[in-house]
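**Student:** Before I ask anything, here is the structure I am working with.
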Amino acid sequence: MPAQGAPSSPVLIDLHVHSTCSADGESSIEEYAQRAEILGLAEVGFCEHVDLDPRDRGYGHLDLERYDRELAAARAATHGIRLRQGIEITYQSGLEESLIAWLAGHAWDYVIASVHLVDYTDGWAIISEPEAMGAYFAGHSQRQAYGPYFAELLRAAQSGLGDVLGHLDLVKRFGVRHYGPLDPSAFEEEIRETLRAAAQRGMGLEINTSGLRQSPGEPYPALTVLRWFRELGGEVLTVGSDAHQAEDLGRGIAQALTMAQEAGFRAVATFEERRVRWTDL
Ligand SMILES: [Zn+2]
Ligand SMILES: [Zn+2]
């Protein structure tokens with residue numbers, strides 16, 4: 001049962017949560033589970049980072065035994081909330097075989113495939129590092145800076161390596177400071193191609209609400225892109241806060257569920273052992 005005073009509707013789900021099992025997470029799985037009870041969430045999905053490139057901050061951080069142990073303890077201590085065990089892979093087209101081998105080593109409820117690191121022809125940058133991205137943006141046009149990101153995202157969708165594409169247009173996180181708000185139509189061709197590839201493979205998209213708390217002031221992606229996904233036959237849509245601390249758990253999810261309806265979705269997806277489970281909107 002939801003905690004007293006918690007919203008009874010809509011059904012609150014958050015499938016993009018990082019605990020201290022991720023290099024950049026600040027709250028434990030237990031703290032999230034306690035917060036979820038207070039908020040009355042129905043389902044929480046942890047998706048800890050796995051980065052197989054030594055350039056990435058999270059490289060070598062994830063301890064699977066600890067992840068299993070802490071999640072099992074939280075499940076035992078929590079009642080009425082489904083706690084899912086997911087993973088967020090940093091997709092890199094040069095590392096597909098390593099990612100496939102790594103993913104085969106453990107059972108997951110779901111896999112989010114995200115692009116965090118972009119290899120440019122004249123350098124590389126990690127999307128979540130404002131200094132490096134800022135330096136790159138300062139010397140390049142929006143097309144030069146965003147084009148390779150969207151190209152890698154297309155390869156992620158074509159790879160089918162994952163159940164959900166993470167934060168589709170994360171490149172705007174710090175990009176908006178240089179180029180202003182992202183108009184998706186400027187990259188419509190490549191975004192639509194990505195959405196089509198994802199829809200054809202049954203791969204989903206997420207509404208990642210962290211963008212509401214960050215520079216863009218809108219989710220990753222915005223409504224226009226969700227509509228395109230629906231038009232192109234996309235059905236699997238998840239919602240997640242990308243919380244790295246318990247106080248952000250569930251933030252923006254009610255808004256995301258409204259957006260999902262506006263974009264024409266009748267249900268949102270969650271996962272159990274890589275199989276979709278639907279929650280009606
Ligand atoms: Zn991510
Ligand atoms: Zn994340």
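We name chains A, B, ... following the order of the structure tokens; residues begin at 1 in each chain, and ligands are numbered from 1 as shown.
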Using only C-alpha atoms and all ligand atoms, which residues of chain A come within 7 Å of ligand 1, and what is the closest atom pair for each, with the distance in Å to one decimal? Give it as CSV, sorted by chain and residue number.

**Tutor:**
residue,atom,partner,partner_atom_place_in_ligand_line,distance
A:Glu88,CA,ligand 1,1 (Zn),6.8
A:Ser114,CA,ligand 1,1 (Zn),5.6
A:His116,CA,ligand 1,1 (Zn),6.3
A:Gly166,CA,ligand 1,1 (Zn),6.2
A:His167,CA,ligand 1,1 (Zn),6.6

**Student:** I need the chosen residues saved as a PDB file, in the first residue's frame, with C-alpha atoms.

**Tutor:**
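So again.pdb came out as:
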ATOM      1  CA  GLU A  88      22.963   1.095 -17.937  1.00  0.00           C
ATOM      2  CA  SER A 114      23.225   5.015 -23.509  1.00  0.00           C
ATOM      3  CA  HIS A 116      28.011   8.886 -22.787  1.00  0.00           C
ATOM      4  CA  GLY A 166      18.837   6.010 -22.610  1.00  0.00           C
ATOM      5  CA  HIS A 167      18.308   9.791 -22.553  1.00  0.00           C
TER       6      HIS A 167
END

**Student:** Within 8 Å of ligand 2, counting only C-alpha atoms and all ligand atoms, which protein or nucleic acid residues do you find, written as a ChimeraX atom specification?

**Tutor:** /A:16-18,47-49,88,166,242-244

**Student:** May I have a table of the residues of stretch 82-145 of chain A lying at most 6 Å from stretch 152-164 of chain A, giving each one's closest pair of atoms and their distance in Å to one decimal, counting only C-alpha atoms, ordered by chain and ascending residue number, as CSV?

**Tutor:**
residue,atom,partner,partner_atom,distance
A:Val111,CA,A:Gly162,CA,4.8
A:Ile112,CA,A:Val164,CA,4.8
A:Ala113,CA,A:Gly162,CA,5.3

**Student:** Mind pulling up the distance from atom CA of A:Leu117 to atom CA of A:Phe150?

**Tutor:**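 Rounded to one decimal, the two atoms are 11.5 Å apart.
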
**Student:** Near A:Leu170, within 10 Å and counting only C-alpha atoms, which residues show up once chain neighbours fewer than 3 positions away are dropped, as an NGL selection string?

**Tutor:** :A and (114-116 or 127-128 or 146 or 149-150 or 166-167 or 173-175 or 208 or 210-211 or 216 or 219-221)

**Student:** Can you write just those residues out, N, CA, C and O atoms, as a PDB file, in the first residue's frame?

**Tutor:**
ATOM      1  N   SER A 114      23.079   3.561 -23.447  1.00  0.00           N
ATOM      2  CA  SER A 114      23.225   5.015 -23.509  1.00  0.00           C
ATOM      3  C   SER A 114      24.557   5.391 -24.145  1.00  0.00           C
ATOM      4  O   SER A 114      25.534   4.666 -24.017  1.00  0.00           O
ATOM      5  N   VAL A 115      24.563   6.526 -24.813  1.00  0.00           N
ATOM      6  CA  VAL A 115      25.822   7.072 -25.323  1.00  0.00           C
ATOM      7  C   VAL A 115      26.284   8.142 -24.336  1.00  0.00           C
ATOM      8  O   VAL A 115      25.570   9.112 -24.081  1.00  0.00           O
ATOM      9  N   HIS A 116      27.441   7.921 -23.752  1.00  0.00           N
ATOM     10  CA  HIS A 116      28.011   8.886 -22.787  1.00  0.00           C
ATOM     11  C   HIS A 116      29.314   9.467 -23.274  1.00  0.00           C
ATOM     12  O   HIS A 116      29.774  10.493 -22.771  1.00  0.00           O
ATOM     13  N   ILE A 127      29.961  13.243 -22.247  1.00  0.00           N
ATOM     14  CA  ILE A 127      28.809  14.152 -22.278  1.00  0.00           C
ATOM     15  C   ILE A 127      28.529  14.819 -20.932  1.00  0.00           C
ATOM     16  O   ILE A 127      28.079  15.953 -20.879  1.00  0.00           O
ATOM     17  N   SER A 128      28.775  14.090 -19.831  1.00  0.00           N
ATOM     18  CA  SER A 128      28.422  14.629 -18.519  1.00  0.00           C
ATOM     19  C   SER A 128      29.523  15.490 -17.907  1.00  0.00           C
ATOM     20  O   SER A 128      29.407  15.895 -16.755  1.00  0.00           O
ATOM     21  N   TYR A 146      27.072  17.755 -32.294  1.00  0.00           N
ATOM     22  CA  TYR A 146      25.965  16.828 -32.032  1.00  0.00           C
ATOM     23  C   TYR A 146      25.921  15.677 -33.037  1.00  0.00           C
ATOM     24  O   TYR A 146      25.440  14.591 -32.705  1.00  0.00           O
ATOM     25  N   TYR A 149      27.462  12.393 -31.998  1.00  0.00           N
ATOM     26  CA  TYR A 149      26.668  11.811 -30.890  1.00  0.00           C
ATOM     27  C   TYR A 149      25.466  11.056 -31.463  1.00  0.00           C
ATOM     28  O   TYR A 149      25.227   9.887 -31.135  1.00  0.00           O
ATOM     29  N   PHE A 150      24.718  11.740 -32.343  1.00  0.00           N
ATOM     30  CA  PHE A 150      23.528  11.082 -32.903  1.00  0.00           C
ATOM     31  C   PHE A 150      23.911   9.902 -33.802  1.00  0.00           C
ATOM     32  O   PHE A 150      23.160   8.920 -33.893  1.00  0.00           O
ATOM     33  N   GLY A 166      18.828   5.037 -23.706  1.00  0.00           N
ATOM     34  CA  GLY A 166      18.837   6.010 -22.610  1.00  0.00           C
ATOM     35  C   GLY A 166      18.876   7.450 -23.108  1.00  0.00           C
ATOM     36  O   GLY A 166      19.450   7.744 -24.159  1.00  0.00           O
ATOM     37  N   HIS A 167      18.245   8.324 -22.341  1.00  0.00           N
ATOM     38  CA  HIS A 167      18.308   9.791 -22.553  1.00  0.00           C
ATOM     39  C   HIS A 167      18.733  10.188 -23.969  1.00  0.00           C
ATOM     40  O   HIS A 167      19.839  10.672 -24.200  1.00  0.00           O
ATOM     41  N   ARG A 173      22.563  18.498 -22.926  1.00  0.00           N
ATOM     42  CA  ARG A 173      22.679  18.853 -21.504  1.00  0.00           C
ATOM     43  C   ARG A 173      23.520  20.116 -21.305  1.00  0.00           C
ATOM     44  O   ARG A 173      23.099  21.047 -20.625  1.00  0.00           O
ATOM     45  N   PHE A 174      24.724  20.111 -21.842  1.00  0.00           N
ATOM     46  CA  PHE A 174      25.545  21.322 -21.762  1.00  0.00           C
ATOM     47  C   PHE A 174      25.551  22.085 -23.077  1.00  0.00           C
ATOM     48  O   PHE A 174      25.937  23.249 -23.118  1.00  0.00           O
ATOM     49  N   GLY A 175      25.098  21.404 -24.132  1.00  0.00           N
ATOM     50  CA  GLY A 175      25.045  22.058 -25.447  1.00  0.00           C
ATOM     51  C   GLY A 175      24.128  23.268 -25.474  1.00  0.00           C
ATOM     52  O   GLY A 175      24.396  24.239 -26.186  1.00  0.00           O
ATOM     53  N   ASN A 208      13.544  10.614 -19.821  1.00  0.00           N
ATOM     54  CA  ASN A 208      14.491  10.788 -18.724  1.00  0.00           C
ATOM     55  C   ASN A 208      14.304  12.206 -18.198  1.00  0.00           C
ATOM     56  O   ASN A 208      14.614  13.191 -18.875  1.00  0.00           O
ATOM     57  N   SER A 210      15.724  13.877 -15.872  1.00  0.00           N
ATOM     58  CA  SER A 210      16.826  14.659 -15.285  1.00  0.00           C
ATOM     59  C   SER A 210      17.027  15.976 -16.034  1.00  0.00           C
ATOM     60  O   SER A 210      17.496  16.957 -15.463  1.00  0.00           O
ATOM     61  N   GLY A 211      16.658  16.004 -17.312  1.00  0.00           N
ATOM     62  CA  GLY A 211      16.797  17.240 -18.086  1.00  0.00           C
ATOM     63  C   GLY A 211      15.967  18.384 -17.525  1.00  0.00           C
ATOM     64  O   GLY A 211      16.288  19.555 -17.708  1.00  0.00           O
ATOM     65  N   PRO A 216      18.808  22.039 -19.795  1.00  0.00           N
ATOM     66  CA  PRO A 216      17.778  22.128 -20.834  1.00  0.00           C
ATOM     67  C   PRO A 216      16.396  22.517 -20.308  1.00  0.00           C
ATOM     68  O   PRO A 216      15.607  23.124 -21.031  1.00  0.00           O
ATOM     69  N   PRO A 219      12.762  17.274 -20.524  1.00  0.00           N
ATOM     70  CA  PRO A 219      13.312  15.909 -20.459  1.00  0.00           C
ATOM     71  C   PRO A 219      14.166  15.569 -21.686  1.00  0.00           C
ATOM     72  O   PRO A 219      14.135  16.256 -22.702  1.00  0.00           O
ATOM     73  N   TYR A 220      14.874  14.456 -21.535  1.00  0.00           N
ATOM     74  CA  TYR A 220      15.583  13.838 -22.664  1.00  0.00           C
ATOM     75  C   TYR A 220      14.740  12.652 -23.104  1.00  0.00           C
ATOM     76  O   TYR A 220      14.671  11.678 -22.330  1.00  0.00           O
ATOM     77  N   PRO A 221      14.061  12.646 -24.249  1.00  0.00           N
ATOM     78  CA  PRO A 221      13.933  13.766 -25.177  1.00  0.00           C
ATOM     79  C   PRO A 221      12.638  14.540 -24.875  1.00  0.00           C
ATOM     80  O   PRO A 221      11.857  14.152 -24.011  1.00  0.00           O
TER      81      PRO A 221
END

**Student:** Check the DSSP output for the backbone and give back, as a count of residues only, the residues of stretch 13-226 of chain A in helix (DSSP H, G or I).

**Tutor:** 96

**Student:** Within 9 Å of A:Ser28, counting only C-alpha atoms, which residues show up once you throw out same-chain ones fewer than 5 positions away? Write them as number ranges by chain, please.

**Tutor:** A: 18-21, 33, 70, 245-246

**Student:** Excluding same-chain residues fewer than 4 positions from A:Leu103, what lies within 12 Å of it counting only C-alpha atoms, as a PDB file with N, CA and C atoms, in the first residue's frame?

**Tutor:**
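Heads up, here's the output in out_30.pdb:
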ATOM      1  N   VAL A  50      27.671   0.583 -16.241  1.00  0.00           N
ATOM      2  CA  VAL A  50      28.825  -0.249 -16.559  1.00  0.00           C
ATOM      3  C   VAL A  50      29.536   0.379 -17.754  1.00  0.00           C
ATOM      4  N   ASP A  51      30.777   0.722 -17.507  1.00  0.00           N
ATOM      5  CA  ASP A  51      31.602   1.403 -18.505  1.00  0.00           C
ATOM      6  C   ASP A  51      32.813   0.526 -18.783  1.00  0.00           C
ATOM      7  N   LEU A  52      32.951   0.108 -20.018  1.00  0.00           N
ATOM      8  CA  LEU A  52      34.053  -0.804 -20.343  1.00  0.00           C
ATOM      9  C   LEU A  52      35.256  -0.094 -20.961  1.00  0.00           C
ATOM     10  N   LEU A  64      29.498  -6.532  -8.850  1.00  0.00           N
ATOM     11  CA  LEU A  64      28.226  -7.235  -9.033  1.00  0.00           C
ATOM     12  C   LEU A  64      27.755  -7.962  -7.779  1.00  0.00           C
ATOM     13  N   GLY A  86      18.432  -3.502 -13.036  1.00  0.00           N
ATOM     14  CA  GLY A  86      18.822  -3.197 -14.405  1.00  0.00           C
ATOM     15  C   GLY A  86      20.279  -2.796 -14.468  1.00  0.00           C
ATOM     16  N   ILE A  87      20.668  -2.420 -15.669  1.00  0.00           N
ATOM     17  CA  ILE A  87      22.041  -1.973 -15.875  1.00  0.00           C
ATOM     18  C   ILE A  87      22.000  -0.906 -16.971  1.00  0.00           C
ATOM     19  N   GLU A  88      22.838   0.091 -16.867  1.00  0.00           N
ATOM     20  CA  GLU A  88      22.963   1.095 -17.937  1.00  0.00           C
ATOM     21  C   GLU A  88      24.341   0.939 -18.548  1.00  0.00           C
ATOM     22  N   ILE A  89      24.369   0.433 -19.764  1.00  0.00           N
ATOM     23  CA  ILE A  89      25.665   0.277 -20.423  1.00  0.00           C
ATOM     24  C   ILE A  89      26.011   1.557 -21.175  1.00  0.00           C
ATOM     25  N   THR A  90      27.278   1.896 -21.149  1.00  0.00           N
ATOM     26  CA  THR A  90      27.751   2.952 -22.036  1.00  0.00           C
ATOM     27  C   THR A  90      28.011   2.293 -23.371  1.00  0.00           C
ATOM     28  N   TYR A  91      27.104   2.549 -24.322  1.00  0.00           N
ATOM     29  CA  TYR A  91      27.261   1.946 -25.640  1.00  0.00           C
ATOM     30  C   TYR A  91      28.399   2.628 -26.393  1.00  0.00           C
ATOM     31  N   GLU A  96      31.233  -3.398 -28.975  1.00  0.00           N
ATOM     32  CA  GLU A  96      30.023  -4.231 -28.978  1.00  0.00           C
ATOM     33  C   GLU A  96      30.275  -5.655 -28.485  1.00  0.00           C
ATOM     34  N   GLU A  97      31.348  -6.267 -28.964  1.00  0.00           N
ATOM     35  CA  GLU A  97      31.589  -7.660 -28.572  1.00  0.00           C
ATOM     36  C   GLU A  97      31.854  -7.771 -27.070  1.00  0.00           C
ATOM     37  N   SER A  98      32.603  -6.831 -26.539  1.00  0.00           N
ATOM     38  CA  SER A  98      32.879  -6.837 -25.093  1.00  0.00           C
ATOM     39  C   SER A  98      31.597  -6.638 -24.303  1.00  0.00           C
ATOM     40  N   LEU A  99      30.724  -5.753 -24.798  1.00  0.00           N
ATOM     41  CA  LEU A  99      29.458  -5.496 -24.101  1.00  0.00           C
ATOM     42  C   LEU A  99      28.566  -6.732 -24.114  1.00  0.00           C
ATOM     43  N   ALA A 107      22.149 -12.106 -15.032  1.00  0.00           N
ATOM     44  CA  ALA A 107      20.759 -11.915 -15.458  1.00  0.00           C
ATOM     45  C   ALA A 107      20.298 -10.521 -15.049  1.00  0.00           C
ATOM     46  N   TRP A 108      19.584  -9.862 -15.957  1.00  0.00           N
ATOM     47  CA  TRP A 108      19.106  -8.500 -15.672  1.00  0.00           C
ATOM     48  C   TRP A 108      17.617  -8.411 -15.916  1.00  0.00           C
ATOM     49  N   ASP A 109      16.951  -7.523 -15.198  1.00  0.00           N
ATOM     50  CA  ASP A 109      15.557  -7.251 -15.530  1.00  0.00           C
ATOM     51  C   ASP A 109      15.479  -6.438 -16.816  1.00  0.00           C
ATOM     52  N   TYR A 110      16.435  -5.526 -17.008  1.00  0.00           N
ATOM     53  CA  TYR A 110      16.442  -4.728 -18.239  1.00  0.00           C
ATOM     54  C   TYR A 110      17.806  -4.064 -18.402  1.00  0.00           C
ATOM     55  N   VAL A 111      18.057  -3.687 -19.642  1.00  0.00           N
ATOM     56  CA  VAL A 111      19.321  -3.043 -19.990  1.00  0.00           C
ATOM     57  C   VAL A 111      19.017  -1.724 -20.702  1.00  0.00           C
ATOM     58  N   ILE A 112      19.578  -0.652 -20.194  1.00  0.00           N
ATOM     59  CA  ILE A 112      19.478   0.649 -20.876  1.00  0.00           C
ATOM     60  C   ILE A 112      20.794   0.870 -21.614  1.00  0.00           C
ATOM     61  N   ALA A 113      20.707   1.175 -22.890  1.00  0.00           N
ATOM     62  CA  ALA A 113      21.912   1.465 -23.682  1.00  0.00           C
ATOM     63  C   ALA A 113      21.989   2.974 -23.908  1.00  0.00           C
ATOM     64  N   LEU A 161      21.439  -3.824 -28.624  1.00  0.00           N
ATOM     65  CA  LEU A 161      22.098  -4.174 -27.353  1.00  0.00           C
ATOM     66  C   LEU A 161      21.431  -3.461 -26.195  1.00  0.00           C
ATOM     67  N   GLY A 162      20.264  -3.901 -25.846  1.00  0.00           N
ATOM     68  CA  GLY A 162      19.584  -3.232 -24.750  1.00  0.00           C
ATOM     69  C   GLY A 162      18.089  -3.214 -24.996  1.00  0.00           C
ATOM     70  N   ARG A 274      13.983  -9.198 -18.596  1.00  0.00           N
ATOM     71  CA  ARG A 274      14.059  -8.764 -19.993  1.00  0.00           C
ATOM     72  C   ARG A 274      12.723  -8.877 -20.730  1.00  0.00           C
TER      73      ARG A 274
END

**Student:** Name the closest residue to A:Pro130 among the candidates A:Leu95, A:Val176, A:Leu165, A:Val225; distances are taken between atoms, counting only C-alpha atoms.

**Tutor:** A:Val176

**Student:** Report the residues of stretch 147-242 of chain A whose backbone DSSP state falls under strand (DSSP E or B), written as a count of residues only.

**Tutor:** 12

**Student:** Which of these, A:Glu231, A:Asp14, A:Glu247, A:Asp24, has the shortest distance to A:Arg82 once you count only C-alpha atoms?

**Tutor:**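 Among the listed residues, A:Asp14 lies closest to A:Arg82.
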